[in-house]
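Undergrad: Have a look at the structure that comes next, please.
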Amino acid sequence: MMELPHRIMIGQDVLRLLGKFIEMPRSAGIVVASGLNVQQRVREVVAASLEGRVSWVDVKFSDMKNVRSVMRASREAKCIIGLGGGKSVDVGKLAASKLNLPFFSVPTSASHDGIASPFASIRGTEKHYSIKSKPPLGILADVDVIAAAPPRLFSAGCGDLVAKLTAVKDWQLGHEADGEYYGEYAANLAMMSGRLIIDNSKRMGRCDTSAVRDLVEALISTGVAAGIAGSSRPCSGSEHLFSHALDVISPGNGLHGEKCGIGTILAANLQGLDWRAIRGALKNVKAPTTAAEIGVSDGQIVEAIVRASDIRPERYTILSKVRLTSRTARALATETGII
Ligand SMILES: [Zn+2]
């Protein structure tokens, strides 16, 4: 089953077209899930653009409590809009999926690929990784708004993109190990987004409007790749398991894309890919490449490497093939300059 977004609008100064873009009748109830910071930045232009009966729900965390409050506010609604960076889009997406309502993703930063994917990263569930949801019906990405977000979020988005190189390699390993479905097209689409950063890291590092546009298009493409594959396989491998393990071991330190970028250096080394090129590209886009830069200790990095494969034991990755101990994990992190 391929579930894909129906329409995507990317451009400068397009946020004011949101009302037209969602194509909802004037009488429709619309719920906008959004954090307070984002509301301060764009509430006025969004409110002016939406003509239906609009309810705003403040999203504080990406957890089930916030999903439930969006669901409560959406009983009479005809659609839900997730307006913000990571958490509002994730929370809105899962709430809409549970209520079977159309969902529109309106990212105000480009820090990860959840803006287009059929997966939501929600805390407080029994799983420590993204859960299956539905893809957005539409995505509206205003490049001007996203370019005004803190540069750290841009760098994190680049980290989530290089992750596709090791994710796809892990997917191939899973296919070779136990015949798991592997889709060449979805794999190539995801890889292309990872290559964008490796091949253009100096230009992307300028973080200007054209770089933001490329980043947004690449993040959306990887979300589409996941939709085509019907799984997160093309987007998420051992580097994501490492990131999820750090979420548990050292909560609140480092952004998702930053941790995935560091995980990609580690996974690439194990997979025999050019990990130095990946590290160089991450440095060029000003993404962190060491434990200290994301505020975690050397020991926590080692523990995350060792525990990563337990996050999702059924998913075959390089970590299933090369079983690491604390000693070998430390050697890996030291060799790659992460600790
Ligand atoms: Zn990711």
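Residue numbering restarts at 1 for every chain of the structure tokens, chains are lettered A, B, ... in their displayed order, and ligands are numbered from 1 as they appear.
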Can you tell me, as a PyMOL selection string, which residues in segment 99-251 of chain A count as helix (DSSP H, G or I) by DSSP?
TA: chain A and resi 99+113-115+143-147+151-178+184-199+201-204+209-229+238-249
Undergrad: Once you have the residues from the selection above, write them out as a CSV table (one decimal), in the first residue's frame, restricted to C-alpha atoms.
TA:
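New file selection-v4.csv:
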```csv
chain,number,residue,atom,x,y,z
A,99,LEU,CA,-9.8,10.4,13.9
A,113,ASP,CA,11.6,14.3,7.5
A,114,GLY,CA,8.4,13.9,9.5
A,115,ILE,CA,7.0,16.9,7.6
A,143,VAL,CA,10.6,29.0,2.3
A,144,ASP,CA,10.7,32.5,3.8
A,145,VAL,CA,9.2,31.3,7.1
A,146,ILE,CA,11.5,28.2,7.2
A,147,ALA,CA,14.6,30.3,6.4
A,151,PRO,CA,20.1,27.8,11.8
A,152,ARG,CA,20.5,24.9,14.2
A,153,LEU,CA,17.2,23.4,12.9
A,154,PHE,CA,18.5,23.7,9.3
A,155,SER,CA,21.7,21.8,10.3
A,156,ALA,CA,19.6,19.1,12.0
A,157,GLY,CA,17.6,18.6,8.9
A,158,CYS,CA,20.8,18.0,7.0
A,159,GLY,CA,21.7,15.4,9.6
A,160,ASP,CA,18.4,13.6,9.1
A,161,LEU,CA,19.1,13.6,5.3
A,162,VAL,CA,22.7,12.1,5.4
A,163,ALA,CA,21.1,9.4,7.6
A,164,LYS,CA,19.4,8.0,4.4
A,165,LEU,CA,22.7,6.7,3.2
A,166,THR,CA,23.2,4.3,6.1
A,167,ALA,CA,19.5,3.6,6.4
A,168,VAL,CA,19.3,2.4,2.8
A,169,LYS,CA,22.5,0.3,3.3
A,170,ASP,CA,20.8,-1.3,6.4
A,171,TRP,CA,17.7,-2.0,4.3
A,172,GLN,CA,19.9,-3.8,1.7
A,173,LEU,CA,21.5,-5.8,4.5
A,174,GLY,CA,18.0,-6.8,5.8
A,175,HIS,CA,17.0,-7.9,2.3
A,176,GLU,CA,20.2,-10.0,2.0
A,177,ALA,CA,19.9,-11.5,5.5
A,178,ASP,CA,16.3,-12.6,5.4
A,184,GLU,CA,15.0,-0.1,-5.5
A,185,TYR,CA,13.0,3.0,-6.4
A,186,ALA,CA,12.2,4.1,-2.9
A,187,ALA,CA,15.8,3.3,-1.9
A,188,ASN,CA,17.2,5.5,-4.7
A,189,LEU,CA,14.8,8.3,-3.9
A,190,ALA,CA,16.0,8.4,-0.3
A,191,MET,CA,19.7,8.0,-1.3
A,192,MET,CA,19.4,11.0,-3.6
A,193,SER,CA,18.4,13.2,-0.7
A,194,GLY,CA,21.4,12.0,1.3
A,195,ARG,CA,23.7,12.6,-1.6
A,196,LEU,CA,22.4,16.2,-1.9
A,197,ILE,CA,24.1,17.1,1.3
A,198,ILE,CA,27.3,15.1,0.7
A,199,ASP,CA,27.7,16.6,-2.8
A,201,SER,CA,27.6,20.6,1.6
A,202,LYS,CA,29.6,23.9,1.2
A,203,ARG,CA,26.7,25.5,-0.7
A,204,MET,CA,24.1,24.0,1.7
A,209,THR,CA,16.9,30.7,0.6
A,210,SER,CA,18.0,28.3,-2.2
A,211,ALA,CA,19.6,25.9,0.3
A,212,VAL,CA,16.5,26.0,2.4
A,213,ARG,CA,14.4,25.2,-0.6
A,214,ASP,CA,16.6,22.2,-1.5
A,215,LEU,CA,16.6,21.0,2.0
A,216,VAL,CA,12.8,21.1,2.2
A,217,GLU,CA,12.3,19.4,-1.1
A,218,ALA,CA,14.8,16.6,-0.1
A,219,LEU,CA,13.1,16.1,3.3
A,220,ILE,CA,9.7,15.9,1.5
A,221,SER,CA,11.1,13.4,-1.0
A,222,THR,CA,12.4,11.1,1.7
A,223,GLY,CA,8.9,11.2,3.4
A,224,VAL,CA,7.5,10.2,0.0
A,225,ALA,CA,10.1,7.4,-0.3
A,226,ALA,CA,8.8,6.0,3.0
A,227,GLY,CA,5.3,6.3,1.7
A,228,ILE,CA,6.3,4.3,-1.5
A,229,ALA,CA,8.1,1.7,0.5
A,238,SER,CA,20.9,1.8,12.7
A,239,GLU,CA,21.8,5.5,12.8
A,240,HIS,CA,18.1,6.2,13.9
A,241,LEU,CA,18.2,3.3,16.4
A,242,PHE,CA,21.3,5.0,17.9
A,243,SER,CA,19.4,8.3,18.0
A,244,HIS,CA,16.4,6.7,19.7
A,245,ALA,CA,18.7,5.0,22.2
A,246,LEU,CA,20.2,8.4,23.1
A,247,ASP,CA,16.6,9.8,23.5
A,248,VAL,CA,16.2,7.2,26.3
A,249,ILE,CA,19.7,7.4,27.8
```
Undergrad: Counting only C-alpha atoms, which residue out of A:Ala287, A:Met2, A:Leu83, A:Leu140 sits closest to Leu17 of chain A?
TA: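 Going through A:Ala287, A:Met2, A:Leu83, A:Leu140 one by one, the smallest distance to Leu17 of chain A is for A:Leu140.
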Undergrad: Rank A:Gly299, A:Gly263, A:Gly337, A:Gly92 by their smallest atom-to-atom distance to ligand 1, using only C-alpha atoms and all ligand atoms, and report the top residue only.
TA: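 Checking each candidate against ligand 1, we get A:Gly263 as the closest.
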Undergrad: What gap, in Å, lies between atom CA of Val67 of chain A and atom CA of Val91 of chain A?
TA: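 Straight-line distance from atom CA of Val67 of chain A to atom CA of Val91 of chain A works out to 5.2 Å.
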Undergrad: What gap, in Å, lies between atom CA of Leu319 of chain A and atom CA of Leu266 of chain A?
TA: 10.4 Å
Undergrad: Pick out the closest residue to ligand 1 from this set: A:Ala291, A:Ile339, A:Ala268, A:Ala116. Count only C-alpha atoms and all ligand atoms.
TA: A:Ala116
Undergrad: Extract, using only C-alpha atoms, all DNA, RNA and protein residues at most 7 Å from segment 34-51 of chain A, discarding same-chain residues fewer than 4 positions from it, and format them as a PyMOL selection string.
TA: chain A and resi 15-19+26+57-60+82-84+88
Undergrad: Please report the interatomic distance between atom CA of Cys235 of chain A and atom CA of Gly138 of chain A in Å with one decimal.
TA: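 Distance reported for this atom pair: 20.0 Å.
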Undergrad: Per DSSP on the backbone, what are the strand (DSSP E or B) residues of segment 86-250 of chain A, as a ChimeraX atom specification?
TA: /A:103-107,119-120,123,131-132,138-142
Undergrad: Counting only C-alpha atoms, which residue out of A:Ser133, A:Asp274, A:Glu303, A:Ile8 sits closest to Ser232 of chain A?
TA: A:Ser133
Undergrad: Would you please work out which residue, of A:Val106, A:Leu4, A:Leu332, A:Met9, is nearest to Trp275 of chain A when using only C-alpha atoms?
TA: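 Among the listed residues, A:Leu332 lies closest to Trp275 of chain A.
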